[in-house]
Protein chains: 4
Amino acid sequence: MAVHQLTPRPEQYSYVFGGREPLLSIAPGDLVEVSTEDCFGGRVTSPDDRPSEVVPFAELNPVSGPIEVRGAEPGDMLAVHFVSIVPARAQAISCTFPLFGALTGTHETAMLNAPLEERVWFYDIDLESWTATFSARNSDYRLDLPLDPMHGTVGVAPASGEVRLVVTPSTHGGNMDTPEARAGTTLYLPVNVAGAMLSLGDGHARQGEGEVCGTGLESAMNSVIAIDLVKGGAPAWPRLESDEFLMTTGSVRPLEDAFRISQKELVDWTSELTGMDTLDAYQLVSQLGLAPAANVCDPNYTMVAKLPKWALKTAQAYGGVHARLRTSAAEYLAAR
Amino acid sequence: MAVHQLTPRPEQYSYVFGGREPLLSIAPGDLVEVSTEDCFGGRVTSPDDRPSEVVPFAELNPVSGPIEVRGAEPGDMLAVHFVSIVPARAQAISCTFPLFGALTGTHETAMLNAPLEERVWFYDIDLESWTATFSARNSDYRLDLPLDPMHGTVGVAPASGEVRLVVTPSTHGGNMDTPEARAGTTLYLPVNVAGAMLSLGDGHARQGEGEVCGTGLESAMNSVIAIDLVKGGAPAWPRLESDEFLMTTGSVRPLEDAFRISQKELVDWTSELTGMDTLDAYQLVSQLGLAPAANVCDPNYTMVAKLPKWALKTAQAYGGVHARLRTSAAEYLAAR
Amino acid sequence: MAVHQLTPRPEQYSYVFGGREPLLSIAPGDLVEVSTEDCFGGRVTSPDDRPSEVVPFAELNPVSGPIEVRGAEPGDMLAVHFVSIVPARAQAISCTFPLFGALTGTHETAMLNAPLEERVWFYDIDLESWTATFSARNSDYRLDLPLDPMHGTVGVAPASGEVRLVVTPSTHGGNMDTPEARAGTTLYLPVNVAGAMLSLGDGHARQGEGEVCGTGLESAMNSVIAIDLVKGGAPAWPRLESDEFLMTTGSVRPLEDAFRISQKELVDWTSELTGMDTLDAYQLVSQLGLAPAANVCDPNYTMVAKLPKWALKTAQAYGGVHARLRTSAAEYLAAR
Amino acid sequence: MAVHQLTPRPEQYSYVFGGREPLLSIAPGDLVEVSTEDCFGGRVTSPDDRPSEVVPFAELNPVSGPIEVRGAEPGDMLAVHFVSIVPARAQAISCTFPLFGALTGTHETAMLNAPLEERVWFYDIDLESWTATFSARNSDYRLDLPLDPMHGTVGVAPASGEVRLVVTPSTHGGNMDTPEARAGTTLYLPVNVAGAMLSLGDGHARQGEGEVCGTGLESAMNSVIAIDLVKGGAPAWPRLESDEFLMTTGSVRPLEDAFRISQKELVDWTSELTGMDTLDAYQLVSQLGLAPAANVCDPNYTMVAKLPKWALKTAQAYGGVHARLRTSAAEYLAAR
């Protein structure tokens with residue numbers, strides 16, 4: 001297995017999925033050490049900066065990529081395993097952003113109310129203690145939160161020649177903003193164009209479910225990913241697998257439709273892996289499944305459906321690719 | 001502390017919240033041993049019964065109560081602690097129900113498609129091993145699931161003289177169908193009428209988040225609840241507290257509005273308990289909170305927002321009533 | 001045909017549908033001259049009053065009734081024809097109301113933003129010119145608007161023993177707030193309890209589609225209604241008929257579900273009246289139908305679906321009851 | 001004023017907005033005679049064809065264009081006046097399409113129900129009588145409907161380098177599917193890229209509000225458009241103007257958010273044109289506005305908000321560009 005490096009120069013960051021030339025070309029089975037910028041492009045350098053002023057809208061959420069995966073063709077499935085995700089700076093940043101977030105009027109949920117105050121929080125990151133320190137802005141409340149690093153935005157080039165802004169999650173992945181995209185997990189994405197054209201960014205040192213205020217602990221990241229390819233059988237929507245769970249996603253509005261998609265995906269996957277018919281799988285998922293919100297703030301909302309893998313008995317998703325990538329990750333980490 | 005029994009006769013079950021005479025009158029601090037019927041009123045006795053035929057619509061989901069809590073007045077808050085919830089029969093029942101469930105057209109999400117098949121599953125309940133056994137209807141897939149008993153429907157008389165069908169969750173509680181309403185947890189409900197008039201039912205031997213197909217493992221229950229009263233300060237929406245989490249709920253449609261309510265409630269509660277202003281609390285909840293679906297099938301959808309209690313440091317909700325009820329429950333269980 | 005009078009005393013107004021003793025008992029075919037209060041119960045008497053301060057929440061939107069219709073039984077259908085609706089005072093009142101309206105955070109669409117300003121507009125009503133005069137509060141813009149009086153709230157006792165606040169429209173009618181409920185139109189309501197128990201109120205001297213700010217030109221009314229009964233065949237949701245259109249309604253959230261219900265109702269009605277199968281009726285409604293919003297501010301949103309009656313050729317809804325009520329109304333008006 | 005012709009060859013049709021080289025370059029003030037294909041690309045030639053089989057998904061809804069408007073720069077506004085829209089073939093086609101339409105499960109509103117039957121209707125078009133004849137498939141019901149030709153899909157290149165499939169309406173216009181886009185009306189679109197890059201297609205010989213079943217009377221068209229440019233002041237969302245109405249649009253999900261956007265746009269526009277403050281304009285729009293659905297079937301739903309122009313007194317939108325384009329259209333038609 002080859003290990004590549006991808007460290008984009010500032011002008012190389014991308015703000016879209018689709019329509020871009022690759023920065024790197026790899027083979028299935030390879031690993032990539034990739035650095036990603038924070039969602040502000042590193043331009044918010046003080047709690048007194050206003051993100052809406054220092055970052056042009058079209059330059060929010062830079063992603064690193066695309067990475068071309070040789071041999072990937074439409075209809076295939078990309079398996080992206082997060083080997084490690086480590087905050088790259090001493091501070092992570094969160095904020096309220098005008099017309100963004102779940103508890104304020106937005107461009108989509110248009111209101112006449114005055115907008116919320118724009119406020120910025122800097123969190124001190126301590127990799128030793130693996131914590132981020134929250135400090136209230138208007139009181140002296142401080143609290144250490146455990147790190148749980150993840151990538152909010154991971155996706156491939158969309159189908160049918162579309163080019164989509166990075167902020168909108170959809171069938172191609174993108175800005176799903178689920179805390180499940182953490183180290184140890186494999187993300188499955190449909191391949192829509194030759195080479196797949198994978199990009200990622202928007203690291204969060206941690207994030208609550210729903211990303212209620214619209215931002216996590218936004219952080220540049222030093223990440224390692226291991227990539228594999230499963231020929232044929234691209235899923236309709238992105239899926240994830242951890243050691244414990246199969247997970248499906250849906251990213252649309254309203255939120256119940258995101259829920260419906262994620263659940264139908266999980267029912268279909270369960271049916272396929274257990275041999276049960278659709279209604280029997282519907283029943284089992286209904287009784288055993290978890291259903292956390294991922295984001296309720298982005299242009300499409302994302303829900304996740306989770307089934308514990310013990311419910312599948314000996315069945316393995318996609319021929320055990322997650323387990324193989326776990327092994328590959330372990331070998332890499334041991335050798336480092 | 002007094003211990004009461006409530007074992008309704010068949011004709012005593014209620015199908016509404018509000019407008020009913022109490023079956024029992026208790027004082028704050030008392031416990032009640034209460035038996036509840038399953039959502040089918042016990043009328044589904046074979047996997048070949050069709051629930052839509054054997055149960056009249058208006059007799060779905062019987063509740064036991066109301067229980068009058070003496071001294072409770074509008075504006076007060078009822079604390080209902082679940083001491084124990086134990087399945088009362090050897091089998092629990094689940095089904096798909098015509099025009100009900102998240103992945104089918106319903107009375108509200110009207111479709112022209114043919115309805116889904118009505119199918120019934122019987123689960124064997126084993127209290128020794130604390131499991132329920134799932135058996136697929138159209139294959140030989142069998143699986144033991146851990147029990148996690150809960151009450152889907154718990155509520156009080158609504159405000160303003162309303163009488164609501166048991167199936168619709170709202171500010172008065174009702175059919176929220178959250179798996180969080182399990183033994184060891186305290187449910188907080190606003191008091192809208194003198195005596196509060198608490199009723200409960202709809203036990204599930206377990207249930208996935210979202211109650212996707214529309215039913216859990218429907219089960220008659222033998223339950224014990226401990227009840228207390230907090231004068232003043234009724235919450236706008238039902239809340240819960242476990243040893244680990246503060247939880248808030250919202251029950252409306254669409255699902256993002258249920259999410260918004262639950263999150264705003266959690267932000268406000270966090271602000272009140274920590275002294276932080278609203279935006280600082282918004283920030284903390286956004287980074288630490290969990291956001292599971294409760295039900296996405298009932299006439300109102302329910303979302304839950306959860307904050308780990310360690311984030312509050314020494315602050316205690318409602319003067320520590322949850323801890324006191326835990327103690328009371330422990331004494332009861334020790335004496336049994 | 002008998003003509004009755006209903007002029008409730010202040011303490012006789014009702015704020016709920018269901019659970020009330022009738023103020024009047026009539027026979028099918030009778031007319032009622034009924035006076036209704038404005039949605040503020042007449043308590044807003046100056047543009048400087050704040051409705052949220054002078055009207056208790058539970059006393060918003062008083063209705064006149066219930067009127068018992070003798071012989072009405074569950075499963076029947078009530079036909080309520082609006083003979084005339086005339087503003088009763090020299091001024092109609094509109095306002096923005098805190099946490100109410102389509103373009104502000106509300107109790108259901110919970111936001112952290114500061115609420116909108118509460119502002120009141122008084123419109124001068126001129127019955128001679130049949131106009132209402134709008135005067136901007138913060139500029140000297142004035143405009144005469146044509147009157148188009150209607151009742152926002154008309155409904156019967158709900159099914160299954162429910163008692164519902166007047167503000168929530170549902171299958172029993174209620175606060176649908178559609179401008180289609182004007183003189184010359186017949187409203188069809190399902191009968192859920194013996195006597196039907198009809199109430200009405202919430203007159204608007206006119207209202208835009210959607211009732212965007214949450215209020216119309218709120219006005220006490222002197223109205224005349226003619227009532228008939230169609231045995232059997234109660235519709236699932238309220239319907240309307242004018243000389244030109246068949247109309248169906250749906251009142252739920254989200255708005256697309258209100259749309260779906262109204263359209264499915266219209267498809268089914270068209271199929272029944274023309275003998276076409278469901279898909280052929282779906283096709284015709286899709287190409288000829290109108291789909292205006294009624295309200296997008298109440299606890300349930302209401303959409304209306306309209307089909308021009310010429311598309312039905314000679315078919316008549318409900319045996320021509322609308323035409324008979326039109327005749328009855330004409331006789332009454334001629335005799336007055 | 002110059003008159004151009006645009007008659008794309010089959011391989012020249014576009015299926016996206018954005019990222020394409022222009023087929024034609026014109027100056028502001030010019031007219032274009034443009035031919036458009038039907039949404040099936042002309043491939044459905046018999047009522048027994050199944051559209052889902054004879055048309056590849058990525059080749060649905062071809063558009064003619066893009067047309068470059070010289071001098072158009074980001075921030076400007078394009079005014080597209082529909083001079084005439086005339087069905088080009090003797091038959092228009094409608095259908096139910098699997099997983100598409102308001103009253104069926106779809107890719108977004110995922111259901112487990114069996115899909116609806118795929119059925120095709122051919123309408124005979126008679127330009128003399130200006131009618132289309134509906135014939136039921138499963139009965140002998142026939143009905144002549146008045147023609148009311150319109151373009152369902154009209155838009156420009158999106159902002160920020162996005163390339164969007166033609167089927168998704170958004171801020172750049174696209175597949176709004178509103179019957180208001182008829183001859184005599186001017187559509188206002190924001191310019192996002194140099195040259196604006198206008199494309200149009202998806203003609204309907206007529207369509208009901210909401211496009212409930214997912215298709216109108218799909219028809220190739222011979223259309224004439226007159227185009228002008230208003231420097232600066234691009235609207236956030238597409239707007240329309242007829243001789244009688246100002247109209248605004250919003251295209252998102254859920255439907256109430258599309259409603260909110262359209263209404264907020266109309267409030268802001270009214271405020272700007274009358275000099276009233278926002279709340280006074282909110283009041284006037286609430287009492288005078290109309291709110292019809294455009295489509296409730298496309299990937300984004302579209303609502304329209306309408307205000308009668310007499311409410312504006314002497315104020316004219318965009319310096320009277322609509323009136324000037326009407327004059328230009330009249331001259332063209334007189335000369336033809």
# chains A, B, ... in the order shown; residues from 1 in each chain; ligands from 1
call {"tool": "interface_residues", "arguments": {"of": "chain C", "to": "chain B", "cutoff": "8 Å", "atoms": "only C-alpha atoms", "output": "PyMOL selection string"}}
result
chain C and resi 16+58+107-112+160-165+252-254+257-258+260-261+264
call {"tool": "write_last_selection", "arguments": {"atoms": "N, CA and C atoms", "output": "mmCIF file, in the first residue's frame"}}
result
data_model
loop_
_atom_site.group_PDB
_atom_site.id
_atom_site.type_symbol
_atom_site.label_atom_id
_atom_site.label_comp_id
_atom_site.auth_asym_id
_atom_site.auth_seq_id
_atom_site.Cartn_x
_atom_site.Cartn_y
_atom_site.Cartn_z
ATOM 1 N N VAL C 16 -63.768 26.783 22.246
ATOM 2 C CA VAL C 16 -63.435 25.411 21.850
ATOM 3 C C VAL C 16 -64.503 24.858 20.910
ATOM 4 N N ALA C 58 -56.252 32.481 26.098
ATOM 5 C CA ALA C 58 -57.331 31.492 26.015
ATOM 6 C C ALA C 58 -58.658 32.139 25.625
ATOM 7 N N HIS C 107 -44.272 29.771 18.438
ATOM 8 C CA HIS C 107 -44.168 28.706 19.444
ATOM 9 C C HIS C 107 -43.756 27.387 18.793
ATOM 10 N N GLU C 108 -44.163 27.180 17.543
ATOM 11 C CA GLU C 108 -43.857 25.914 16.871
ATOM 12 C C GLU C 108 -42.520 25.989 16.139
ATOM 13 N N THR C 109 -42.280 27.081 15.427
ATOM 14 C CA THR C 109 -41.012 27.274 14.734
ATOM 15 C C THR C 109 -40.142 28.124 15.652
ATOM 16 N N ALA C 110 -39.600 27.454 16.677
ATOM 17 C CA ALA C 110 -38.935 28.157 17.781
ATOM 18 C C ALA C 110 -37.604 28.751 17.330
ATOM 19 N N MET C 111 -37.387 29.998 17.645
ATOM 20 C CA MET C 111 -36.185 30.735 17.254
ATOM 21 C C MET C 111 -35.625 31.451 18.483
ATOM 22 N N LEU C 112 -34.354 31.803 18.409
ATOM 23 C CA LEU C 112 -33.764 32.616 19.463
ATOM 24 C C LEU C 112 -33.804 34.111 19.123
ATOM 25 N N SER C 160 -64.574 11.405 18.454
ATOM 26 C CA SER C 160 -63.895 10.676 19.535
ATOM 27 C C SER C 160 -63.825 11.440 20.841
ATOM 28 N N GLY C 161 -64.761 12.372 21.039
ATOM 29 C CA GLY C 161 -64.792 13.069 22.313
ATOM 30 C C GLY C 161 -63.739 14.147 22.478
ATOM 31 N N GLU C 162 -63.030 14.467 21.412
ATOM 32 C CA GLU C 162 -62.024 15.519 21.541
ATOM 33 C C GLU C 162 -62.682 16.886 21.724
ATOM 34 N N VAL C 163 -61.985 17.746 22.443
ATOM 35 C CA VAL C 163 -62.346 19.160 22.562
ATOM 36 C C VAL C 163 -61.122 19.937 22.103
ATOM 37 N N ARG C 164 -61.292 20.747 21.047
ATOM 38 C CA ARG C 164 -60.136 21.425 20.469
ATOM 39 C C ARG C 164 -60.284 22.931 20.582
ATOM 40 N N LEU C 165 -59.177 23.591 20.895
ATOM 41 C CA LEU C 165 -59.164 25.049 20.888
ATOM 42 C C LEU C 165 -59.604 25.561 19.518
ATOM 43 N N VAL C 252 -52.969 20.584 8.062
ATOM 44 C CA VAL C 252 -51.940 19.948 8.884
ATOM 45 C C VAL C 252 -50.631 20.699 8.642
ATOM 46 N N ARG C 253 -49.569 20.223 9.237
ATOM 47 C CA ARG C 253 -48.221 20.681 8.913
ATOM 48 C C ARG C 253 -47.423 19.466 8.513
ATOM 49 N N PRO C 254 -46.371 19.581 7.678
ATOM 50 C CA PRO C 254 -45.975 20.788 6.984
ATOM 51 C C PRO C 254 -46.947 21.140 5.862
ATOM 52 N N ASP C 257 -48.014 18.650 3.218
ATOM 53 C CA ASP C 257 -48.989 17.634 3.600
ATOM 54 C C ASP C 257 -50.411 18.204 3.556
ATOM 55 N N ALA C 258 -50.581 19.471 3.909
ATOM 56 C CA ALA C 258 -51.896 20.113 3.742
ATOM 57 C C ALA C 258 -52.265 20.131 2.257
ATOM 58 N N ARG C 260 -51.121 17.984 -0.022
ATOM 59 C CA ARG C 260 -51.415 16.604 -0.445
ATOM 60 C C ARG C 260 -52.846 16.206 -0.084
ATOM 61 N N ILE C 261 -53.241 16.477 1.153
ATOM 62 C CA ILE C 261 -54.596 16.102 1.573
ATOM 63 C C ILE C 261 -55.640 16.782 0.690
ATOM 64 N N LYS C 264 -55.616 15.169 -2.801
ATOM 65 C CA LYS C 264 -56.175 13.800 -2.819
ATOM 66 C C LYS C 264 -57.687 13.845 -2.647
#
call {"tool": "select_by_dssp", "arguments": {"residues": "range 5-172 of chain D", "states": "helix (DSSP H, G or I)", "output": "number ranges by chain"}}
result
D: 10-12, 51-54, 57-59
call {"tool": "residues_around", "arguments": {"residues": "Val69 in chain B", "least_positions_apart": "5", "cutoff": "9 Å", "atoms": "only C-alpha atoms", "output": "ChimeraX atom specification"}}
result
/B:24-28,78,194-198,227-229
call {"tool": "write_last_selection", "arguments": {"atoms": "N, CA and C atoms", "output": "JSON list (two decimals), in the first residue's frame"}}
result
[["chain", "number", "residue", "atom", "x", "y", "z"],
["B", 24, "LEU", "N", -57.96, 7.60, 40.74],
["B", 24, "LEU", "CA", -57.14, 7.49, 41.95],
["B", 24, "LEU", "C", -56.70, 8.89, 42.34],
["B", 25, "SER", "N", -56.58, 9.12, 43.66],
["B", 25, "SER", "CA", -56.10, 10.41, 44.14],
["B", 25, "SER", "C", -54.93, 10.17, 45.07],
["B", 26, "ILE", "N", -53.84, 10.87, 44.84],
["B", 26, "ILE", "CA", -52.63, 10.62, 45.65],
["B", 26, "ILE", "C", -52.05, 11.95, 46.11],
["B", 27, "ALA", "N", -51.07, 11.86, 47.02],
["B", 27, "ALA", "CA", -50.35, 13.05, 47.47],
["B", 27, "ALA", "C", -48.96, 13.06, 46.83],
["B", 28, "PRO", "N", -48.39, 14.24, 46.64],
["B", 28, "PRO", "CA", -47.01, 14.31, 46.15],
["B", 28, "PRO", "C", -46.11, 13.46, 47.05],
["B", 78, "LEU", "N", -45.21, 18.55, 37.44],
["B", 78, "LEU", "CA", -45.29, 17.19, 37.96],
["B", 78, "LEU", "C", -43.99, 16.46, 37.60],
["B", 194, "ALA", "N", -56.17, 21.68, 38.01],
["B", 194, "ALA", "CA", -56.04, 21.25, 39.40],
["B", 194, "ALA", "C", -55.98, 19.73, 39.46],
["B", 195, "GLY", "N", -54.97, 19.20, 40.14],
["B", 195, "GLY", "CA", -54.84, 17.76, 40.28],
["B", 195, "GLY", "C", -54.00, 17.12, 39.19],
["B", 196, "ALA", "N", -53.63, 17.90, 38.18],
["B", 196, "ALA", "CA", -52.74, 17.47, 37.09],
["B", 196, "ALA", "C", -53.37, 16.40, 36.19],
["B", 197, "MET", "N", -53.95, 15.35, 36.79],
["B", 197, "MET", "CA", -54.67, 14.31, 36.04],
["B", 197, "MET", "C", -53.74, 13.54, 35.09],
["B", 198, "LEU", "N", -52.84, 12.78, 35.74],
["B", 198, "LEU", "CA", -51.84, 12.00, 35.03],
["B", 198, "LEU", "C", -52.40, 10.66, 34.54],
["B", 227, "ILE", "N", -44.17, 9.88, 42.29],
["B", 227, "ILE", "CA", -44.64, 11.16, 41.79],
["B", 227, "ILE", "C", -44.31, 12.27, 42.77],
["B", 228, "ASP", "N", -43.80, 13.38, 42.24],
["B", 228, "ASP", "CA", -43.60, 14.54, 43.10],
["B", 228, "ASP", "C", -44.08, 15.79, 42.38],
["B", 229, "LEU", "N", -44.13, 16.85, 43.12],
["B", 229, "LEU", "CA", -44.69, 18.10, 42.61],
["B", 229, "LEU", "C", -43.68, 19.21, 42.87]]
call {"tool": "atom_distance", "arguments": {"atom1": "CA of Tyr318 in chain C", "atom2": "CA of Asp280 in chain C"}}
result
21.4 Å
call {"tool": "residues_around", "arguments": {"residues": "Asp49 in chain D", "least_positions_apart": "6", "cutoff": "12 Å", "atoms": "only C-alpha atoms", "output": "list in words"}}
result
Phe40, Gly42, Arg43, Val55, Ile93, Ser94, Cys95, Phe97, Glu118, Arg119, Val120, Trp121 and Phe122 of chain D
call {"tool": "select_by_dssp", "arguments": {"residues": "range 115-315 of chain B", "states": "strand (DSSP E or B)", "output": "PyMOL selection string"}}
result
chain B and resi 120-126+131-135+142-146+150-155+163-165+170+173-174+182+186-190+198-204+210+218+221-230+239-241+245-252+290+292-295+301-308
call {"tool": "closest_residue", "arguments": {"among": "A:Pro190, A:Gly155, A:Gly203, A:Pro98", "to": "Ser84 in chain A", "atoms": "only C-alpha atoms"}}
result
A:Gly203
call {"tool": "residues_around", "arguments": {"residues": "range 5-14 of chain D", "least_positions_apart": "2", "cutoff": "10 Å", "atoms": "only C-alpha atoms", "output": "PyMOL selection string"}}
result
chain D and resi 3+16-18+20+23-24+31-37+41-42+59-67+165-166+199-201+222-224
call {"tool": "write_last_selection", "arguments": {"atoms": "N, CA, C and O atoms", "output": "compact mmCIF listing (two decimals), in the first residue's frame"}}
result
# COMPACT_ATOMS: atom_id res chain seq x y z
N VAL D 3 -34.02 40.66 -34.21
CA VAL D 3 -34.74 39.42 -33.94
C VAL D 3 -33.85 38.24 -34.33
O VAL D 3 -33.42 38.14 -35.48
N VAL D 16 -28.47 21.15 -18.16
CA VAL D 16 -27.97 21.83 -16.96
C VAL D 16 -28.04 23.34 -17.15
O VAL D 16 -28.09 23.84 -18.28
N PHE D 17 -28.04 24.04 -16.01
CA PHE D 17 -27.78 25.49 -16.01
C PHE D 17 -26.37 25.71 -15.51
O PHE D 17 -26.02 25.24 -14.43
N GLY D 18 -25.58 26.45 -16.29
CA GLY D 18 -24.21 26.73 -15.88
C GLY D 18 -23.20 25.88 -16.61
O GLY D 18 -23.48 24.74 -16.99
N ARG D 20 -21.86 26.00 -19.61
CA ARG D 20 -22.00 25.69 -21.04
C ARG D 20 -21.67 26.91 -21.89
O ARG D 20 -21.95 28.04 -21.52
N LEU D 23 -25.13 29.20 -27.24
CA LEU D 23 -25.53 28.87 -28.61
C LEU D 23 -25.82 30.14 -29.41
O LEU D 23 -25.90 30.10 -30.64
N LEU D 24 -26.01 31.24 -28.71
CA LEU D 24 -26.43 32.48 -29.35
C LEU D 24 -25.98 33.64 -28.47
O LEU D 24 -25.95 33.51 -27.25
N LEU D 31 -34.92 40.48 -29.55
CA LEU D 31 -35.90 39.40 -29.44
C LEU D 31 -35.30 38.11 -29.97
O LEU D 31 -34.40 38.14 -30.82
N VAL D 32 -35.82 37.00 -29.47
CA VAL D 32 -35.36 35.70 -29.95
C VAL D 32 -36.58 34.82 -30.24
O VAL D 32 -37.46 34.67 -29.39
N GLU D 33 -36.61 34.30 -31.47
CA GLU D 33 -37.59 33.26 -31.80
C GLU D 33 -36.91 31.92 -31.49
O GLU D 33 -35.91 31.57 -32.12
N VAL D 34 -37.47 31.21 -30.52
CA VAL D 34 -36.78 30.03 -30.02
C VAL D 34 -37.71 28.82 -30.06
O VAL D 34 -38.88 28.92 -29.71
N SER D 35 -37.18 27.71 -30.52
CA SER D 35 -37.96 26.48 -30.47
C SER D 35 -37.46 25.64 -29.31
O SER D 35 -36.26 25.57 -29.05
N THR D 36 -38.40 25.03 -28.59
CA THR D 36 -38.02 24.17 -27.47
C THR D 36 -38.66 22.80 -27.63
O THR D 36 -39.75 22.67 -28.17
N GLU D 37 -37.95 21.79 -27.14
CA GLU D 37 -38.47 20.42 -27.16
C GLU D 37 -39.37 20.19 -25.95
O GLU D 37 -39.36 20.99 -25.01
N GLY D 41 -37.94 15.12 -24.60
CA GLY D 41 -37.06 15.19 -25.76
C GLY D 41 -37.72 14.64 -27.01
O GLY D 41 -37.04 14.20 -27.95
N GLY D 42 -39.05 14.64 -27.04
CA GLY D 42 -39.77 14.17 -28.22
C GLY D 42 -39.78 12.66 -28.37
O GLY D 42 -40.21 12.13 -29.40
N GLU D 59 -31.60 12.82 -19.47
CA GLU D 59 -31.99 13.53 -20.68
C GLU D 59 -33.44 13.99 -20.64
O GLU D 59 -34.05 14.31 -21.66
N LEU D 60 -34.00 14.05 -19.44
CA LEU D 60 -35.31 14.66 -19.26
C LEU D 60 -35.16 16.18 -19.32
O LEU D 60 -34.15 16.73 -18.88
N ASN D 61 -36.16 16.83 -19.86
CA ASN D 61 -36.28 18.28 -19.74
C ASN D 61 -35.17 19.07 -20.44
O ASN D 61 -34.53 19.94 -19.86
N PRO D 62 -34.92 18.79 -21.73
CA PRO D 62 -33.91 19.56 -22.46
C PRO D 62 -34.27 21.04 -22.50
O PRO D 62 -35.45 21.39 -22.60
N VAL D 63 -33.26 21.90 -22.42
CA VAL D 63 -33.50 23.34 -22.56
C VAL D 63 -32.74 23.88 -23.76
O VAL D 63 -31.69 23.35 -24.15
N SER D 64 -33.28 24.94 -24.35
CA SER D 64 -32.65 25.63 -25.48
C SER D 64 -31.83 26.78 -24.94
O SER D 64 -32.34 27.66 -24.27
N GLY D 65 -30.56 26.75 -25.24
CA GLY D 65 -29.66 27.78 -24.74
C GLY D 65 -28.34 27.15 -24.39
O GLY D 65 -28.09 26.00 -24.76
N PRO D 66 -27.45 27.86 -23.74
CA PRO D 66 -27.70 29.20 -23.22
C PRO D 66 -27.59 30.30 -24.29
O PRO D 66 -26.89 30.15 -25.29
N ILE D 67 -28.31 31.38 -23.99
CA ILE D 67 -28.23 32.61 -24.76
C ILE D 67 -27.41 33.60 -23.95
O ILE D 67 -27.74 33.88 -22.79
N LEU D 165 -28.65 20.60 -12.45
CA LEU D 165 -29.56 19.92 -13.35
C LEU D 165 -30.78 20.80 -13.61
O LEU D 165 -31.24 21.51 -12.72
N VAL D 166 -31.31 20.73 -14.82
CA VAL D 166 -32.45 21.56 -15.19
C VAL D 166 -33.68 21.34 -14.31
O VAL D 166 -34.53 22.21 -14.18
N SER D 199 -31.35 30.03 -20.51
CA SER D 199 -31.88 28.87 -21.23
C SER D 199 -33.35 28.69 -20.86
O SER D 199 -33.77 29.07 -19.76
N LEU D 200 -34.11 28.08 -21.76
CA LEU D 200 -35.52 27.82 -21.45
C LEU D 200 -36.02 26.58 -22.18
O LEU D 200 -35.43 26.15 -23.16
N GLY D 201 -37.11 26.03 -21.63
CA GLY D 201 -37.70 24.84 -22.23
C GLY D 201 -38.92 24.42 -21.43
O GLY D 201 -39.57 25.25 -20.80
N ASN D 222 -43.00 26.80 -30.03
CA ASN D 222 -42.39 27.88 -30.81
C ASN D 222 -42.67 29.17 -30.04
O ASN D 222 -43.82 29.60 -29.96
N SER D 223 -41.64 29.72 -29.48
CA SER D 223 -41.82 30.86 -28.58
C SER D 223 -41.02 32.06 -29.07
O SER D 223 -40.05 31.92 -29.82
N VAL D 224 -41.44 33.21 -28.62
CA VAL D 224 -40.70 34.44 -28.88
C VAL D 224 -40.49 35.14 -27.54
O VAL D 224 -41.46 35.30 -26.77
call {"tool": "residues_around", "arguments": {"residues": "Glu211 in chain C", "least_positions_apart": "3", "cutoff": "7 Å", "atoms": "only C-alpha atoms", "output": "PyMOL selection string"}}
result
(chain C and resi 207-208+214-216+294-297) or (chain D and resi 286)
call {"tool": "atom_distance", "arguments": {"atom1": "CA of Pro292 in chain B", "atom2": "CA of Pro169 in chain A"}}
result
19.9 Å
call {"tool": "residues_around", "arguments": {"residues": "Ala90 in chain B", "least_positions_apart": "2", "cutoff": "10 Å", "atoms": "only C-alpha atoms", "output": "JSON, numbers by chain"}}
result
{"B": [87, 88, 92, 122, 123, 124, 125, 126, 127, 132, 219, 220]}
call {"tool": "atom_distance", "arguments": {"atom1": "CA of Ser271 in chain A", "atom2": "CA of Val285 in chain A"}}
result
9.8 Å
call {"tool": "closest_residue", "arguments": {"among": "B:Leu325, B:Leu99, B:Ile85, B:Leu145", "to": "Gly289 in chain A", "atoms": "only C-alpha atoms"}}
result
B:Leu145
call {"tool": "closest_residue", "arguments": {"among": "B:Thr133, B:Thr153, B:Thr186, B:Asn113", "to": "Asp38 in chain B", "atoms": "only C-alpha atoms"}}
result
B:Thr153
